[in-house]
Amino acid sequence: MFLLIHVLLGALIGLKFNSLTIIVVIGILSHFIIDMIPHWDGNFNKNKFYLFGIADLDKERLYLSIFDIILSVSLLLFLYQYLDSWVVIFAALMAVSPDIANLAYLTKLKRNKHYLGFLKFHSKIQRDTGIKKGLIIQMIFAIILIILLFIFK
């Protein structure tokens, strides 16, 4: 799923729970659970990654990721101002933390078998679908989560 979806779900978790321990656990679990829902979030060559441990990102994926990051950071700033709660921001960050951990691939950690195991697990649980269906699913999720955020505010 796009980071934006994880941020919205994490913010909702932050509104509903006060315990930081519960927020960490539910935030991280929520990430993996909604990644199992069929979606589309770019062109990542999973077969090449499974076979060789090499993440092959094309320009389209890179631009999409940059746009998603900018949108997600903007949403975090808006949520902080709108809800005036650092707990909500913390929960949102917990919900995106598995994707943030992917950035370590750009370091020497990409040679660590445990880290590669995490990346393969994270990639394997994702359910890809076509672009139209995948984007519609994510738009529906985003709308539902935004409505819930306004209801539970």
# chains A, B, ... in the order shown; residues from 1 in each chain; ligands from 1
>>> select_by_dssp(residues="chain A", states="strand (DSSP E or B)", output="PDB file with all heavy atoms, in the first residue's frame")
ATOM      1  N   HIS A  39      -3.432  -4.759  -3.842  1.00  0.00           N
ATOM      2  CA  HIS A  39      -3.214  -3.348  -4.157  1.00  0.00           C
ATOM      3  C   HIS A  39      -2.126  -3.227  -5.209  1.00  0.00           C
ATOM      4  O   HIS A  39      -1.454  -4.183  -5.551  1.00  0.00           O
ATOM      5  CB  HIS A  39      -2.839  -2.566  -2.894  1.00  0.00           C
ATOM      6  CG  HIS A  39      -1.522  -2.967  -2.303  1.00  0.00           C
ATOM      7  ND1 HIS A  39      -1.371  -4.126  -1.564  1.00  0.00           N
ATOM      8  CD2 HIS A  39      -0.311  -2.394  -2.341  1.00  0.00           C
ATOM      9  CE1 HIS A  39      -0.119  -4.229  -1.169  1.00  0.00           C
ATOM     10  NE2 HIS A  39       0.560  -3.189  -1.644  1.00  0.00           N
ATOM     11  N   PHE A  44       7.790  -2.979  -8.975  1.00  0.00           N
ATOM     12  CA  PHE A  44       8.919  -3.550  -8.254  1.00  0.00           C
ATOM     13  C   PHE A  44       9.084  -4.976  -8.747  1.00  0.00           C
ATOM     14  O   PHE A  44       8.144  -5.756  -8.717  1.00  0.00           O
ATOM     15  CB  PHE A  44       8.629  -3.528  -6.750  1.00  0.00           C
ATOM     16  CG  PHE A  44       9.732  -4.126  -5.920  1.00  0.00           C
ATOM     17  CD1 PHE A  44      10.909  -3.448  -5.711  1.00  0.00           C
ATOM     18  CD2 PHE A  44       9.581  -5.364  -5.344  1.00  0.00           C
ATOM     19  CE1 PHE A  44      11.915  -3.982  -4.942  1.00  0.00           C
ATOM     20  CE2 PHE A  44      10.577  -5.923  -4.577  1.00  0.00           C
ATOM     21  CZ  PHE A  44      11.748  -5.231  -4.376  1.00  0.00           C
ATOM     22  N   LEU A  57      14.522  -0.932  -9.077  1.00  0.00           N
ATOM     23  CA  LEU A  57      13.559   0.156  -9.106  1.00  0.00           C
ATOM     24  C   LEU A  57      13.732   0.959 -10.383  1.00  0.00           C
ATOM     25  O   LEU A  57      14.819   1.442 -10.667  1.00  0.00           O
ATOM     26  CB  LEU A  57      13.746   1.070  -7.891  1.00  0.00           C
ATOM     27  CG  LEU A  57      13.667   0.404  -6.527  1.00  0.00           C
ATOM     28  CD1 LEU A  57      14.019   1.399  -5.439  1.00  0.00           C
ATOM     29  CD2 LEU A  57      12.287  -0.167  -6.299  1.00  0.00           C
ATOM     30  N   ASP A 128      -0.282  -8.129  -4.974  1.00  0.00           N
ATOM     31  CA  ASP A 128      -0.335  -7.190  -6.081  1.00  0.00           C
ATOM     32  C   ASP A 128      -1.562  -7.435  -6.951  1.00  0.00           C
ATOM     33  O   ASP A 128      -2.040  -8.560  -7.068  1.00  0.00           O
ATOM     34  CB  ASP A 128       0.916  -7.311  -6.949  1.00  0.00           C
ATOM     35  CG  ASP A 128       2.167  -6.870  -6.222  1.00  0.00           C
ATOM     36  OD1 ASP A 128       2.060  -5.955  -5.393  1.00  0.00           O
ATOM     37  OD2 ASP A 128       3.235  -7.438  -6.485  1.00  0.00           O
TER      38      ASP A 128
END
>>> residues_around(residues="stretch 92-109 of chain A", least_positions_apart="3", cutoff="6 Å", atoms="only C-alpha atoms", output="list in words")
His6, Val7, Gly10, Ala11, Val24, Gly27, Ile28, His31, Ile89 and Asn112 of chain A
>>> write_last_selection(atoms="N, CA and C atoms", output="short mmCIF file (atom, residue, chain, number, x, y, z; two decimals), in the first residue's frame")
data_model
loop_
_atom_site.label_atom_id
_atom_site.label_comp_id
_atom_site.auth_asym_id
_atom_site.auth_seq_id
_atom_site.Cartn_x
_atom_site.Cartn_y
_atom_site.Cartn_z
N HIS A 6 -0.94 3.91 5.06
CA HIS A 6 -0.39 3.51 6.37
C HIS A 6 -0.41 4.68 7.36
N VAL A 7 -0.12 5.88 6.88
CA VAL A 7 -0.15 7.07 7.74
C VAL A 7 -1.57 7.31 8.25
N GLY A 10 -2.40 4.60 10.77
CA GLY A 10 -1.64 4.85 11.99
C GLY A 10 -2.22 6.00 12.79
N ALA A 11 -2.62 7.06 12.12
CA ALA A 11 -3.23 8.21 12.82
C ALA A 11 -4.50 7.77 13.54
N VAL A 24 2.72 0.82 19.28
CA VAL A 24 3.83 0.23 18.52
C VAL A 24 3.40 -1.11 17.93
N GLY A 27 0.39 -0.65 15.46
CA GLY A 27 0.85 0.12 14.30
C GLY A 27 1.65 -0.74 13.34
N ILE A 28 2.61 -1.48 13.85
CA ILE A 28 3.44 -2.34 12.99
C ILE A 28 2.61 -3.48 12.40
N HIS A 31 0.43 -2.49 9.51
CA HIS A 31 1.15 -2.33 8.25
C HIS A 31 1.13 -3.64 7.46
N ILE A 89 0.98 11.24 15.59
CA ILE A 89 2.13 11.24 14.69
C ILE A 89 3.01 10.02 14.96
N ASN A 112 23.06 -8.25 4.89
CA ASN A 112 22.73 -9.02 6.09
C ASN A 112 21.59 -9.99 5.79
#
>>> atom_distance(atom1="atom CA of A:Gly130", atom2="atom CA of A:Trp40")
6.3 Å
>>> atom_distance(atom1="atom CA of A:Val87", atom2="atom CA of A:Ile147")
19.4 Å
>>> residues_around(residues="A:Leu83", least_positions_apart="6", cutoff="12 Å", atoms="only C-alpha atoms", output="list in words")
Ala11, Leu12, Gly14, Leu15, Leu75, Leu76, Leu77, Ile89, Leu149, Phe150, Phe152 and Lys153 of chain A
>>> write_last_selection(atoms="N, CA, C and O atoms", output="PDB file, in the first residue's frame")
ATOM      1  N   ALA A  11      -2.624   7.064  12.118  1.00  0.00           N
ATOM      2  CA  ALA A  11      -3.231   8.207  12.819  1.00  0.00           C
ATOM      3  C   ALA A  11      -4.502   7.775  13.536  1.00  0.00           C
ATOM      4  O   ALA A  11      -4.756   8.178  14.678  1.00  0.00           O
ATOM      5  N   LEU A  12      -5.289   6.946  12.884  1.00  0.00           N
ATOM      6  CA  LEU A  12      -6.516   6.435  13.507  1.00  0.00           C
ATOM      7  C   LEU A  12      -6.173   5.602  14.746  1.00  0.00           C
ATOM      8  O   LEU A  12      -6.831   5.725  15.781  1.00  0.00           O
ATOM      9  N   GLY A  14      -3.566   6.000  16.608  1.00  0.00           N
ATOM     10  CA  GLY A  14      -3.144   6.972  17.622  1.00  0.00           C
ATOM     11  C   GLY A  14      -4.301   7.675  18.301  1.00  0.00           C
ATOM     12  O   GLY A  14      -4.210   8.058  19.465  1.00  0.00           O
ATOM     13  N   LEU A  15      -5.405   7.838  17.566  1.00  0.00           N
ATOM     14  CA  LEU A  15      -6.590   8.448  18.168  1.00  0.00           C
ATOM     15  C   LEU A  15      -7.310   7.497  19.117  1.00  0.00           C
ATOM     16  O   LEU A  15      -7.935   7.918  20.080  1.00  0.00           O
ATOM     17  N   LEU A  75       0.788  15.121   4.928  1.00  0.00           N
ATOM     18  CA  LEU A  75      -0.341  14.644   5.731  1.00  0.00           C
ATOM     19  C   LEU A  75       0.027  14.596   7.209  1.00  0.00           C
ATOM     20  O   LEU A  75      -0.773  15.000   8.062  1.00  0.00           O
ATOM     21  N   LEU A  76       1.228  14.125   7.523  1.00  0.00           N
ATOM     22  CA  LEU A  76       1.671  14.096   8.922  1.00  0.00           C
ATOM     23  C   LEU A  76       1.682  15.498   9.526  1.00  0.00           C
ATOM     24  O   LEU A  76       1.224  15.699  10.658  1.00  0.00           O
ATOM     25  N   LEU A  77       2.198  16.459   8.784  1.00  0.00           N
ATOM     26  CA  LEU A  77       2.224  17.841   9.276  1.00  0.00           C
ATOM     27  C   LEU A  77       0.812  18.382   9.467  1.00  0.00           C
ATOM     28  O   LEU A  77       0.519  19.035  10.477  1.00  0.00           O
ATOM     29  N   ILE A  89       0.984  11.244  15.594  1.00  0.00           N
ATOM     30  CA  ILE A  89       2.135  11.239  14.688  1.00  0.00           C
ATOM     31  C   ILE A  89       3.010  10.023  14.965  1.00  0.00           C
ATOM     32  O   ILE A  89       3.473   9.349  14.043  1.00  0.00           O
ATOM     33  N   LEU A 149     -11.244   9.225  10.658  1.00  0.00           N
ATOM     34  CA  LEU A 149     -10.436  10.202  11.399  1.00  0.00           C
ATOM     35  C   LEU A 149     -11.284  11.395  11.831  1.00  0.00           C
ATOM     36  O   LEU A 149     -11.154  11.880  12.952  1.00  0.00           O
ATOM     37  N   PHE A 150     -12.156  11.857  10.951  1.00  0.00           N
ATOM     38  CA  PHE A 150     -13.030  12.981  11.303  1.00  0.00           C
ATOM     39  C   PHE A 150     -14.068  12.573  12.333  1.00  0.00           C
ATOM     40  O   PHE A 150     -14.415  13.352  13.217  1.00  0.00           O
ATOM     41  N   PHE A 152     -13.719  10.162  14.697  1.00  0.00           N
ATOM     42  CA  PHE A 152     -13.112   9.888  15.992  1.00  0.00           C
ATOM     43  C   PHE A 152     -12.271  11.039  16.542  1.00  0.00           C
ATOM     44  O   PHE A 152     -11.756  10.950  17.642  1.00  0.00           O
ATOM     45  N   LYS A 153     -12.159  12.122  15.808  1.00  0.00           N
ATOM     46  CA  LYS A 153     -11.371  13.260  16.270  1.00  0.00           C
ATOM     47  C   LYS A 153     -11.838  13.788  17.584  1.00  0.00           C
ATOM     48  O   LYS A 153     -12.627  13.933  18.224  1.00  0.00           O
TER      49      LYS A 153
END
>>> atom_distance(atom1="atom CA of A:Ile34", atom2="atom CA of A:Met1")
7.3 Å
>>> select_by_dssp(residues="chain A", states="helix (DSSP H, G or I)", output="count of residues only")
122
>>> residues_around(residues="A:Ile146", least_positions_apart="4", cutoff="10 Å", atoms="only C-alpha atoms", output="PDB file with C-alpha atoms, in the first residue's frame")
ATOM      1  CA  ILE A   5      -2.689   4.682   3.566  1.00  0.00           C
ATOM      2  CA  LEU A   8      -3.948   7.424   7.780  1.00  0.00           C
ATOM      3  CA  LEU A   9      -4.424   4.070   9.518  1.00  0.00           C
ATOM      4  CA  ALA A  11      -3.231   8.207  12.819  1.00  0.00           C
ATOM      5  CA  LEU A  12      -6.516   6.435  13.507  1.00  0.00           C
ATOM      6  CA  ILE A 140     -11.592   3.459  -1.087  1.00  0.00           C
ATOM      7  CA  PHE A 141      -9.341   2.753   1.908  1.00  0.00           C
ATOM      8  CA  ALA A 142      -8.153   6.364   2.003  1.00  0.00           C
ATOM      9  CA  PHE A 150     -13.030  12.981  11.303  1.00  0.00           C
ATOM     10  CA  ILE A 151     -15.543  10.858  13.227  1.00  0.00           C
TER      11      ILE A 151
END
